[in-house]
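Colleague: Take a look at query.pdb, PDB, C-alpha atoms:
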MODEL        1
ATOM      1  CA  MET A   1      27.848  33.987  64.629
ATOM      2  CA  LYS A   2      26.643  36.141  61.739
ATOM      3  CA  ILE A   3      23.279  37.848  62.239
ATOM      4  CA  LEU A   4      21.142  39.577  59.616
ATOM      5  CA  VAL A   5      18.940  42.357  60.988
ATOM      6  CA  THR A   6      16.332  43.511  58.487
ATOM      7  CA  GLY A   7      15.157  46.987  59.383
ATOM      8  CA  GLY A   8      18.578  47.402  60.958
ATOM      9  CA  CYS A   9      18.489  51.169  60.470
ATOM     10  CA  GLY A  10      15.103  51.597  62.107
ATOM     11  CA  TYR A  11      14.053  52.770  65.562
ATOM     12  CA  LYS A  12      14.768  49.415  67.233
ATOM     13  CA  GLY A  13      17.525  48.423  64.832
ATOM     14  CA  HIS A  14      19.702  51.373  65.803
ATOM     15  CA  VAL A  15      19.634  50.246  69.444
ATOM     16  CA  LEU A  16      19.824  46.510  68.758
ATOM     17  CA  VAL A  17      22.740  46.470  66.298
ATOM     18  CA  PRO A  18      25.297  48.074  68.669
ATOM     19  CA  LYS A  19      24.277  45.599  71.378
ATOM     20  CA  LEU A  20      24.844  42.702  68.990
ATOM     21  CA  LEU A  21      28.266  44.081  68.080
ATOM     22  CA  ASN A  22      29.158  44.466  71.758
ATOM     23  CA  LYS A  23      28.341  40.781  72.191
ATOM     24  CA  GLY A  24      30.881  39.916  69.504
ATOM     25  CA  TYR A  25      28.432  39.008  66.742
ATOM     26  CA  GLU A  26      29.041  39.795  63.084
ATOM     27  CA  VAL A  27      26.081  41.894  61.928
ATOM     28  CA  ILE A  28      24.494  42.821  58.614
ATOM     29  CA  ALA A  29      22.051  45.733  58.950
ATOM     30  CA  PHE A  30      19.763  45.608  55.899
ATOM     31  CA  ASP A  31      17.434  48.560  55.417
ATOM     32  CA  THR A  32      15.895  50.891  52.816
ATOM     33  CA  GLN A  33      17.259  53.767  54.915
ATOM     34  CA  TRP A  34      14.104  55.797  54.303
ATOM     35  CA  PHE A  35      14.731  57.343  57.704
ATOM     36  CA  GLY A  36      18.517  57.552  57.457
ATOM     37  CA  ASN A  37      21.485  55.625  58.812
ATOM     38  CA  TYR A  38      23.148  56.669  62.062
ATOM     39  CA  HIS A  39      25.274  53.608  62.740
ATOM     40  CA  GLU A  40      28.883  54.185  63.719
ATOM     41  CA  PRO A  41      31.390  52.231  61.592
ATOM     42  CA  HIS A  42      32.482  48.926  63.132
ATOM     43  CA  GLU A  43      34.737  46.168  61.846
ATOM     44  CA  ASN A  44      31.997  43.574  62.367
ATOM     45  CA  LEU A  45      29.178  45.667  60.888
ATOM     46  CA  GLN A  46      28.039  45.704  57.279
ATOM     47  CA  VAL A  47      25.267  48.208  56.515
ATOM     48  CA  VAL A  48      23.460  47.333  53.292
ATOM     49  CA  LYS A  49      20.937  49.651  51.670
ATOM     50  CA  GLY A  50      18.213  47.575  50.070
ATOM     51  CA  ASP A  51      14.555  46.625  49.897
ATOM     52  CA  VAL A  52      13.296  43.371  51.451
ATOM     53  CA  ARG A  53      10.864  43.055  48.561
ATOM     54  CA  ASN A  54      13.867  42.219  46.402
ATOM     55  CA  ILE A  55      14.759  38.900  48.027
ATOM     56  CA  GLU A  56      17.821  38.397  45.823
ATOM     57  CA  SER A  57      19.368  41.611  47.168
ATOM     58  CA  ILE A  58      19.361  40.415  50.781
ATOM     59  CA  PRO A  59      22.853  39.157  51.742
ATOM     60  CA  LEU A  60      22.210  35.766  53.329
ATOM     61  CA  ALA A  61      25.498  34.000  52.652
ATOM     62  CA  GLY A  62      26.933  32.651  55.883
ATOM     63  CA  VAL A  63      24.070  34.022  58.004
ATOM     64  CA  ASP A  64      23.273  31.958  61.101
ATOM     65  CA  CYS A  65      20.330  33.941  62.468
ATOM     66  CA  ILE A  66      17.792  36.397  61.040
ATOM     67  CA  ILE A  67      16.155  39.077  63.186
ATOM     68  CA  HIS A  68      13.342  40.322  60.978
ATOM     69  CA  LEU A  69      12.310  43.833  62.025
ATOM     70  CA  SER A  70      11.405  45.223  58.582
ATOM     71  CA  SER A  71       7.842  46.387  58.072
ATOM     72  CA  ILE A  72       5.775  49.459  57.287
ATOM     73  CA  ALA A  73       5.526  50.422  60.933
ATOM     74  CA  ASN A  74       2.290  51.454  62.654
ATOM     75  CA  ASP A  75      -1.345  51.649  61.573
ATOM     76  CA  PRO A  76      -1.435  55.088  59.873
ATOM     77  CA  CYS A  77       1.626  54.306  57.734
ATOM     78  CA  GLY A  78       0.286  50.873  56.876
ATOM     79  CA  ASP A  79      -2.986  52.387  55.663
ATOM     80  CA  LEU A  80      -1.227  54.956  53.440
ATOM     81  CA  ASN A  81      -0.486  52.383  50.760
ATOM     82  CA  PRO A  82      -1.987  48.956  51.524
ATOM     83  CA  GLN A  83      -0.250  47.306  48.577
ATOM     84  CA  LEU A  84       3.168  48.515  49.750
ATOM     85  CA  THR A  85       2.352  47.349  53.283
ATOM     86  CA  TRP A  86       1.412  43.842  52.174
ATOM     87  CA  GLU A  87       4.450  43.564  49.915
ATOM     88  CA  VAL A  88       6.926  44.721  52.578
ATOM     89  CA  SER A  89       5.351  43.351  55.744
ATOM     90  CA  ALA A  90       3.876  40.052  54.542
ATOM     91  CA  LEU A  91       5.050  38.902  51.107
ATOM     92  CA  ALA A  92       8.694  39.752  51.815
ATOM     93  CA  THR A  93       8.479  37.852  55.114
ATOM     94  CA  MET A  94       7.172  34.774  53.323
ATOM     95  CA  GLN A  95       9.956  34.958  50.737
ATOM     96  CA  LEU A  96      12.622  35.501  53.390
ATOM     97  CA  ALA A  97      11.453  32.512  55.411
ATOM     98  CA  ASP A  98      11.423  30.306  52.317
ATOM     99  CA  LYS A  99      14.906  31.457  51.292
ATOM    100  CA  ALA A 100      16.196  30.915  54.834
ATOM    101  CA  LYS A 101      14.918  27.330  54.813
ATOM    102  CA  ARG A 102      16.486  26.630  51.427
ATOM    103  CA  LEU A 103      19.839  27.978  52.620
ATOM    104  CA  GLY A 104      19.738  26.011  55.860
ATOM    105  CA  ILE A 105      19.509  29.030  58.179
ATOM    106  CA  LYS A 106      18.389  27.595  61.497
ATOM    107  CA  HIS A 107      17.264  30.593  63.566
ATOM    108  CA  PHE A 108      14.539  33.133  62.714
ATOM    109  CA  ILE A 109      13.320  35.832  65.138
ATOM    110  CA  PHE A 110      10.285  37.831  64.013
ATOM    111  CA  ALA A 111       9.048  41.159  65.336
ATOM    112  CA  SER A 112       5.270  40.937  65.201
ATOM    113  CA  SER A 113       3.033  43.321  67.176
ATOM    114  CA  GLY A 114       0.805  43.301  70.228
ATOM    115  CA  SER A 115      -1.777  45.073  68.077
ATOM    116  CA  VAL A 116      -2.675  41.808  66.283
ATOM    117  CA  TYR A 117      -5.251  41.205  69.028
ATOM    118  CA  GLY A 118      -7.366  44.178  67.954
ATOM    119  CA  VAL A 119      -9.887  45.483  70.482
ATOM    120  CA  LYS A 120     -10.189  43.196  73.501
ATOM    121  CA  ASP A 121     -12.564  43.267  76.471
ATOM    122  CA  GLU A 122     -10.582  40.680  78.433
ATOM    123  CA  PRO A 123      -8.693  42.160  81.409
ATOM    124  CA  GLN A 124      -5.543  40.241  80.388
ATOM    125  CA  VAL A 125      -4.597  39.585  76.775
ATOM    126  CA  THR A 126      -2.642  36.332  76.550
ATOM    127  CA  GLU A 127      -1.095  34.594  73.553
ATOM    128  CA  GLU A 128      -3.991  32.119  73.428
ATOM    129  CA  LEU A 129      -6.669  34.701  72.600
ATOM    130  CA  GLU A 130      -8.131  34.980  69.107
ATOM    131  CA  LEU A 131      -6.462  37.493  66.807
ATOM    132  CA  LYS A 132      -8.730  40.164  65.342
ATOM    133  CA  PRO A 133      -6.481  42.634  63.519
ATOM    134  CA  ILE A 134      -8.214  45.829  62.439
ATOM    135  CA  SER A 135      -5.609  47.507  60.227
ATOM    136  CA  GLU A 136      -3.413  46.568  57.282
ATOM    137  CA  TYR A 137      -0.386  46.642  59.610
ATOM    138  CA  ASN A 138      -1.998  44.228  62.092
ATOM    139  CA  LYS A 139      -3.214  41.910  59.334
ATOM    140  CA  THR A 140       0.222  41.570  57.742
ATOM    141  CA  LYS A 141       1.720  40.709  61.115
ATOM    142  CA  MET A 142      -0.874  37.998  61.743
ATOM    143  CA  VAL A 143      -0.342  36.450  58.310
ATOM    144  CA  SER A 144       3.447  36.547  58.721
ATOM    145  CA  GLU A 145       3.197  34.808  62.094
ATOM    146  CA  ARG A 146       1.189  31.963  60.612
ATOM    147  CA  VAL A 147       3.626  31.519  57.739
ATOM    148  CA  LEU A 148       6.666  31.495  60.029
ATOM    149  CA  LEU A 149       5.138  28.979  62.429
ATOM    150  CA  SER A 150       4.829  26.567  59.505
ATOM    151  CA  TYR A 151       8.654  26.491  59.345
ATOM    152  CA  GLY A 152       8.983  25.352  62.952
ATOM    153  CA  ASP A 153      10.283  21.908  61.920
ATOM    154  CA  ASP A 154      13.019  23.454  59.769
ATOM    155  CA  MET A 155      14.381  26.166  62.049
ATOM    156  CA  THR A 156      14.059  27.784  65.464
ATOM    157  CA  VAL A 157      11.147  30.228  65.106
ATOM    158  CA  GLN A 158      10.689  32.872  67.804
ATOM    159  CA  ILE A 159       7.884  35.414  67.430
ATOM    160  CA  VAL A 160       7.648  38.490  69.629
ATOM    161  CA  ARG A 161       4.483  40.568  69.967
ATOM    162  CA  PRO A 162       5.889  43.799  71.405
ATOM    163  CA  ALA A 163       3.866  46.419  73.174
ATOM    164  CA  THR A 164       4.316  50.051  72.172
ATOM    165  CA  VAL A 165       8.024  50.779  72.405
ATOM    166  CA  CYS A 166       9.346  53.897  74.135
ATOM    167  CA  GLY A 167      12.704  55.478  74.790
ATOM    168  CA  LEU A 168      15.702  56.896  72.971
ATOM    169  CA  SER A 169      17.234  55.713  69.719
ATOM    170  CA  PRO A 170      19.667  57.339  67.269
ATOM    171  CA  ARG A 171      16.825  56.916  64.736
ATOM    172  CA  MET A 172      14.253  58.438  67.043
ATOM    173  CA  ARG A 173      10.502  58.069  66.775
ATOM    174  CA  LEU A 174       8.225  60.739  68.183
ATOM    175  CA  ASP A 175       4.985  59.183  66.942
ATOM    176  CA  VAL A 176       4.737  56.553  69.699
ATOM    177  CA  SER A 177       2.762  57.493  72.784
ATOM    178  CA  VAL A 178       5.377  57.985  75.511
ATOM    179  CA  ASN A 179       7.892  59.705  73.251
ATOM    180  CA  MET A 180       5.213  61.851  71.621
ATOM    181  CA  LEU A 181       3.636  63.115  74.846
ATOM    182  CA  THR A 182       7.044  63.870  76.337
ATOM    183  CA  MET A 183       8.078  65.849  73.267
ATOM    184  CA  GLN A 184       4.772  67.750  73.287
ATOM    185  CA  ALA A 185       5.482  68.911  76.829
ATOM    186  CA  LEU A 186       9.033  69.905  75.917
ATOM    187  CA  SER A 187       8.425  71.651  72.607
ATOM    188  CA  LYS A 188       4.841  72.917  72.885
ATOM    189  CA  GLY A 189       4.487  73.535  76.610
ATOM    190  CA  ARG A 190       1.331  71.435  76.815
ATOM    191  CA  ILE A 191       0.127  67.867  76.264
ATOM    192  CA  THR A 192      -2.901  66.948  74.158
ATOM    193  CA  VAL A 193      -4.451  63.580  74.974
ATOM    194  CA  PHE A 194      -7.056  62.010  72.704
ATOM    195  CA  GLY A 195      -9.479  60.111  74.920
ATOM    196  CA  GLY A 196      -7.013  59.231  77.626
ATOM    197  CA  ALA A 197      -8.793  56.291  79.221
ATOM    198  CA  GLN A 198      -7.506  53.746  76.686
ATOM    199  CA  THR A 199      -5.087  51.350  78.346
ATOM    200  CA  ARG A 200      -2.045  50.351  76.329
ATOM    201  CA  PRO A 201       0.937  48.122  77.090
ATOM    202  CA  ASN A 202       4.412  49.656  76.887
ATOM    203  CA  ILE A 203       7.995  48.394  76.743
ATOM    204  CA  HIS A 204      11.264  50.309  76.931
ATOM    205  CA  ILE A 205      13.454  50.096  73.829
ATOM    206  CA  ASP A 206      16.342  48.734  75.899
ATOM    207  CA  ASP A 207      14.141  45.887  77.109
ATOM    208  CA  ILE A 208      12.771  44.895  73.697
ATOM    209  CA  THR A 209      16.269  44.896  72.199
ATOM    210  CA  ASP A 210      17.603  42.953  75.187
ATOM    211  CA  LEU A 211      14.836  40.434  74.528
ATOM    212  CA  TYR A 212      16.149  39.777  71.016
ATOM    213  CA  LEU A 213      19.593  39.134  72.532
ATOM    214  CA  PHE A 214      17.991  36.777  75.056
ATOM    215  CA  LEU A 215      16.242  34.841  72.282
ATOM    216  CA  ILE A 216      19.469  34.406  70.329
ATOM    217  CA  GLU A 217      21.062  32.918  73.428
ATOM    218  CA  HIS A 218      18.020  30.765  74.284
ATOM    219  CA  PRO A 219      17.008  28.971  71.064
ATOM    220  CA  GLN A 220      14.925  26.521  73.094
ATOM    221  CA  VAL A 221      12.468  29.372  73.780
ATOM    222  CA  THR A 222      10.303  28.914  70.698
ATOM    223  CA  GLY A 223       6.829  30.061  69.706
ATOM    224  CA  ILE A 224       4.952  33.306  70.328
ATOM    225  CA  TYR A 225       5.538  35.676  73.233
ATOM    226  CA  ASN A 226       3.886  38.905  74.305
ATOM    227  CA  ALA A 227       6.373  41.561  75.389
ATOM    228  CA  GLY A 228       4.786  44.398  77.336
ATOM    229  CA  PHE A 229       5.326  45.143  80.989
ATOM    230  CA  GLU A 230       3.451  48.363  81.814
ATOM    231  CA  ASN A 231      -0.258  48.468  81.064
ATOM    232  CA  ILE A 232      -1.159  52.090  81.643
ATOM    233  CA  SER A 233      -3.576  54.586  80.130
ATOM    234  CA  ILE A 234      -2.602  57.413  77.808
ATOM    235  CA  LEU A 235      -3.620  59.838  80.554
ATOM    236  CA  ASP A 236      -1.369  57.976  83.005
ATOM    237  CA  ILE A 237       1.542  58.521  80.619
ATOM    238  CA  ALA A 238       0.732  62.238  80.421
ATOM    239  CA  ASN A 239       0.687  62.422  84.215
ATOM    240  CA  ILE A 240       4.119  60.756  84.400
ATOM    241  CA  VAL A 241       5.470  63.397  82.023
ATOM    242  CA  THR A 242       4.016  66.225  84.123
ATOM    243  CA  ARG A 243       5.966  65.007  87.155
ATOM    244  CA  TYR A 244       9.043  66.322  85.383
ATOM    245  CA  ILE A 245       7.560  69.016  83.124
ATOM    246  CA  PRO A 246       4.657  70.847  84.812
ATOM    247  CA  VAL A 247       2.434  71.621  81.810
ATOM    248  CA  ASP A 248      -1.318  71.546  81.202
ATOM    249  CA  VAL A 249      -2.884  68.325  79.917
ATOM    250  CA  ILE A 250      -5.714  68.918  77.438
ATOM    251  CA  VAL A 251      -8.076  65.963  76.990
ATOM    252  CA  THR A 252     -10.112  65.739  73.761
ATOM    253  CA  GLU A 253     -12.360  63.111  72.190
ATOM    254  CA  SER A 254     -10.834  60.142  70.398
ATOM    255  CA  ASN A 255     -12.088  57.806  67.687
ATOM    256  CA  ASP A 256      -9.417  55.217  68.517
ATOM    257  CA  PRO A 257     -11.156  52.364  70.381
ATOM    258  CA  ARG A 258      -8.074  50.222  71.100
ATOM    259  CA  SER A 259      -7.704  49.436  74.777
ATOM    260  CA  TYR A 260      -6.097  46.280  76.090
ATOM    261  CA  ARG A 261      -3.774  44.899  78.746
ATOM    262  CA  VAL A 262      -1.102  42.562  77.467
ATOM    263  CA  ASN A 263      -0.136  39.693  79.746
ATOM    264  CA  SER A 264       3.556  38.712  79.444
ATOM    265  CA  ASP A 265       3.640  35.940  82.044
ATOM    266  CA  LYS A 266       4.628  33.393  79.380
ATOM    267  CA  LEU A 267       7.733  35.426  78.546
ATOM    268  CA  LEU A 268       8.598  36.018  82.200
ATOM    269  CA  ALA A 269       8.440  32.241  82.743
ATOM    270  CA  THR A 270      11.416  31.868  80.373
ATOM    271  CA  GLY A 271      13.591  33.826  82.782
ATOM    272  CA  PHE A 272      13.644  37.108  80.864
ATOM    273  CA  ARG A 273      13.283  40.223  83.025
ATOM    274  CA  PRO A 274      12.750  43.843  81.975
ATOM    275  CA  LYS A 275      15.037  46.459  83.499
ATOM    276  CA  LYS A 276      13.501  49.784  82.510
ATOM    277  CA  SER A 277      10.181  51.625  82.670
ATOM    278  CA  VAL A 278       8.081  54.316  81.033
ATOM    279  CA  ASP A 279       9.369  56.682  83.707
ATOM    280  CA  ASP A 280      12.948  55.922  82.597
ATOM    281  CA  ALA A 281      12.056  56.645  78.980
ATOM    282  CA  VAL A 282      10.465  59.992  79.864
ATOM    283  CA  ARG A 283      13.464  61.112  81.910
ATOM    284  CA  GLU A 284      15.934  60.019  79.225
ATOM    285  CA  ILE A 285      14.087  61.950  76.505
ATOM    286  CA  ILE A 286      13.925  65.079  78.675
ATOM    287  CA  GLU A 287      17.653  64.886  79.393
ATOM    288  CA  ARG A 288      18.559  64.415  75.718
ATOM    289  CA  PHE A 289      16.283  67.292  74.644
ATOM    290  CA  ARG A 290      17.788  69.651  77.194
ATOM    291  CA  THR A 291      21.309  68.913  75.926
ATOM    292  CA  GLY A 292      20.185  70.100  72.495
ATOM    293  CA  SER A 293      20.902  66.757  70.812
ATOM    294  CA  LEU A 294      17.224  65.832  70.362
ATOM    295  CA  LYS A 295      14.787  68.122  68.569
ATOM    296  CA  ASP A 296      11.192  67.909  67.391
ATOM    297  CA  GLU A 297      11.779  67.114  63.707
ATOM    298  CA  ASP A 298       9.563  65.751  60.917
ATOM    299  CA  ARG A 299      11.960  62.862  60.231
ATOM    300  CA  PHE A 300      11.095  61.373  63.614
ATOM    301  CA  TYR A 301       7.423  60.960  62.643
ATOM    302  CA  ASN A 302       6.977  57.962  60.340
ATOM    303  CA  LEU A 303       3.697  59.049  58.748
ATOM    304  CA  LYS A 304       4.777  62.622  58.102
ATOM    305  CA  TRP A 305       8.177  61.568  56.746
ATOM    306  CA  MET A 306       6.783  58.861  54.476
ATOM    307  CA  GLN A 307       4.272  61.322  53.022
ATOM    308  CA  GLN A 308       7.014  63.861  52.366
ATOM    309  CA  THR A 309       9.638  61.503  50.985
ATOM    310  CA  VAL A 310       8.790  57.875  50.220
ATOM    311  CA  LEU A 311       5.320  58.334  48.757
ATOM    312  CA  ALA A 312       6.100  61.706  47.213
ATOM    313  CA  ALA A 313       8.959  60.226  45.181
TER
ENDMDL
END
Just give me the structure of the file as structure tokens.
Modeller:
Amino acid sequence: MKILVTGGCGYKGHVLVPKLLNKGYEVIAFDTQWFGNYHEPHENLQVVKGDVRNIESIPLAGVDCIIHLSSIANDPCGDLNPQLTWEVSALATMQLADKAKRLGIKHFIFASSGSVYGVKDEPQVTEELELKPISEYNKTKMVSERVLLSYGDDMTVQIVRPATVCGLSPRMRLDVSVNMLTMQALSKGRITVFGGAQTRPNIHIDDITDLYLFLIEHPQVTGIYNAGFENISILDIANIVTRYIPVDVIVTESNDPRSYRVNSDKLLATGFRPKKSVDDAVREIIERFRTGSLKDEDRFYNLKWMQQTVLAA
């Protein structure tokens, strides 16, 4: 089976692609490579530098399954240039789905986001609740979901709404909560928490990438699925970090109102099971930092790096 992974050189892509190769799949990793390319050469891997906005540049010949990870990731980056965000995260998705249908590609997996729900008062956020996206990033994900669902009669459509991802990747991100707070403790000797009471769902990067493998192997599992298994507060995350790095936690005011608990019972009912936790992610980051192979660098912060490189160009 040949699989196209858009965003294949991203945070999740760098963990997912090797797993696909280990399963014996032929993989095309398509990416702008704004944040680099750290893939090891492999006989079944083709890394293609390109922009999803240019639909004709995406190599779709012989592709059996598309895993669509490409987007302008997270709210601050999405708000930097709304036009770019809509072009990359929504318009390109629409074009890719249309091209896939025309070419007879029968399997499409889409990485949406748990943030499409917006601010929710409900104790458990299920897939049936109304979507109220509050940022450009969230809005593009909602629109893309609706477009993809319309192709359900033409191909297997599987949509994942991941929680905040945590853990190690060759293309690391230090601007997601668990990774960020752990790195603060390691590099600054203290943790700064904005608000702290906000509850957020989390998922380990090994579990979200394992989920994409599961979906490839279970095409009967169609529709939309939440994927978040630890609903804990930002302050809870800081306290987990301090179990291993005894530093002060400084709590300040926050203007970020988002607080919600994602319910993933629908996904669990398919037979998928997570294997790792926030605690695992924290320990893995600490271990990698102490070996000297992980450092606090600008290129691991999407917003900072896009401001310095992509938008400065």
Colleague: Please identify all polymer residues within 7 Å of A:Leu267, counting all atoms listed in the file, omitting same-chain residues fewer than 3 positions from it, and present them as a list in words.
Modeller: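 Listed by chain and then number, they are Tyr225, Asn226, Ser264, Thr270 and Phe272 of chain A.
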Colleague: Excluding stretch 200-216 of chain A and residues on its chain fewer than 4 positions from it, collect all residues at most 7 Å away from it, counting only C-alpha atoms, and give them as a PDB file with C-alpha atoms, in the coordinates of the input.
Modeller:
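In the end it all went to selection38.pdb:
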ATOM      1  CA  LYS A  12      14.768  49.415  67.233  1.00  0.00           C
ATOM      2  CA  VAL A  15      19.634  50.246  69.444  1.00  0.00           C
ATOM      3  CA  LEU A  16      19.824  46.510  68.758  1.00  0.00           C
ATOM      4  CA  ALA A 163       3.866  46.419  73.174  1.00  0.00           C
ATOM      5  CA  THR A 164       4.316  50.051  72.172  1.00  0.00           C
ATOM      6  CA  VAL A 165       8.024  50.779  72.405  1.00  0.00           C
ATOM      7  CA  CYS A 166       9.346  53.897  74.135  1.00  0.00           C
ATOM      8  CA  GLY A 167      12.704  55.478  74.790  1.00  0.00           C
ATOM      9  CA  VAL A 221      12.468  29.372  73.780  1.00  0.00           C
ATOM     10  CA  GLY A 228       4.786  44.398  77.336  1.00  0.00           C
ATOM     11  CA  PHE A 229       5.326  45.143  80.989  1.00  0.00           C
ATOM     12  CA  GLU A 230       3.451  48.363  81.814  1.00  0.00           C
ATOM     13  CA  ASN A 231      -0.258  48.468  81.064  1.00  0.00           C
ATOM     14  CA  ILE A 232      -1.159  52.090  81.643  1.00  0.00           C
ATOM     15  CA  SER A 233      -3.576  54.586  80.130  1.00  0.00           C
ATOM     16  CA  SER A 259      -7.704  49.436  74.777  1.00  0.00           C
ATOM     17  CA  TYR A 260      -6.097  46.280  76.090  1.00  0.00           C
ATOM     18  CA  ARG A 261      -3.774  44.899  78.746  1.00  0.00           C
ATOM     19  CA  VAL A 262      -1.102  42.562  77.467  1.00  0.00           C
ATOM     20  CA  PRO A 274      12.750  43.843  81.975  1.00  0.00           C
ATOM     21  CA  LYS A 275      15.037  46.459  83.499  1.00  0.00           C
ATOM     22  CA  LYS A 276      13.501  49.784  82.510  1.00  0.00           C
ATOM     23  CA  SER A 277      10.181  51.625  82.670  1.00  0.00           C
ATOM     24  CA  VAL A 278       8.081  54.316  81.033  1.00  0.00           C
ATOM     25  CA  ALA A 281      12.056  56.645  78.980  1.00  0.00           C
TER      26      ALA A 281
END
Colleague: For the point (15.6, 56.9, 59.3) in the file's frame, write as number ranges by chain all residues with an atom no more than 10 Å away, counting only C-alpha atoms.
Modeller: A: 7, 9-11, 14, 31-38, 170-173, 299-302, 305
Colleague: Can you tell me which residues surround A:Ile134 at a distance of at most 8 Å, considering only C-alpha atoms, apart from same-chain residues fewer than 4 positions away, and format the answer as number ranges by chain?
Modeller: A: 116, 118, 138-139
Colleague: Apply the PyMOL selection byres ((chain A and resi 96) around 10) to the file shown and report the selected residues as a CSV table (one decimal) with C-alpha atoms, in the frame of the given file.
Modeller:
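That gives us expr.csv:
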chain,number,residue,atom,x,y,z
A,52,VAL,CA,13.3,43.4,51.5
A,53,ARG,CA,10.9,43.1,48.6
A,54,ASN,CA,13.9,42.2,46.4
A,55,ILE,CA,14.8,38.9,48.0
A,56,GLU,CA,17.8,38.4,45.8
A,58,ILE,CA,19.4,40.4,50.8
A,60,LEU,CA,22.2,35.8,53.3
A,66,ILE,CA,17.8,36.4,61.0
A,68,HIS,CA,13.3,40.3,61.0
A,90,ALA,CA,3.9,40.1,54.5
A,91,LEU,CA,5.0,38.9,51.1
A,92,ALA,CA,8.7,39.8,51.8
A,93,THR,CA,8.5,37.9,55.1
A,94,MET,CA,7.2,34.8,53.3
A,95,GLN,CA,10.0,35.0,50.7
A,97,ALA,CA,11.5,32.5,55.4
A,98,ASP,CA,11.4,30.3,52.3
A,99,LYS,CA,14.9,31.5,51.3
A,100,ALA,CA,16.2,30.9,54.8
A,101,LYS,CA,14.9,27.3,54.8
A,102,ARG,CA,16.5,26.6,51.4
A,108,PHE,CA,14.5,33.1,62.7
A,148,LEU,CA,6.7,31.5,60.0
Colleague: What's around A:Cys65 at 8 Å? Count all atoms listed in the file, leave out sequence neighbours fewer than 3 positions away in its own chain, and write the answer as an NGL selection string.
Modeller: :A and (1-4 or 105-109 or 216)
Colleague: Tell me, in Å to one decimal, how far atom CA of A:Ser144 is from atom CA of A:Leu129.
Modeller: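 We find that atom CA of A:Ser144 and atom CA of A:Leu129 lie 17.3 Å from each other.
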Colleague: Given the file shown, enumerate the residues that the PyMOL selection byres ((chain A and resi 283) around 10) captures and present them as an NGL selection string.
Modeller: :A and (167 or 182 or 240-241 or 243-245 or 278-282 or 284-289)
Colleague: If we count all atoms listed in the file and set the cut-off at 9 Å, which residues sit around stretch 190-199 of chain A, ignoring sequence neighbours fewer than 6 positions away in its own chain? Please answer as a list in words.
Modeller: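 So, after excluding close chain neighbours, the residues are Leu181, Thr182, Met183, Gln184, Asn231, Ile232, Ser233, Ile234, Leu235, Asp236, Ala238, Thr242, Pro246, Val247, Asp248, Val249, Ile250, Val251, Thr252, Glu253, Ser254, Asn255, Asp256, Pro257, Arg258, Ser259, Tyr260 and Arg261 of chain A.
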Colleague: For a test of reading the model, state the distance in Å between atom CA of A:Ser112 and atom CA of A:Gln124, rounded to one decimal.
Modeller: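 Computing it gives 18.7 Å between the two atoms.
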Colleague: Would you mind telling me which residue in A:His42, A:Gly13, A:Ala185, A:Gly8 lies nearest to A:Leu168 when using all atoms listed in the file?
Modeller: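 Closest to A:Leu168, using all atoms listed in the file: A:Gly13.
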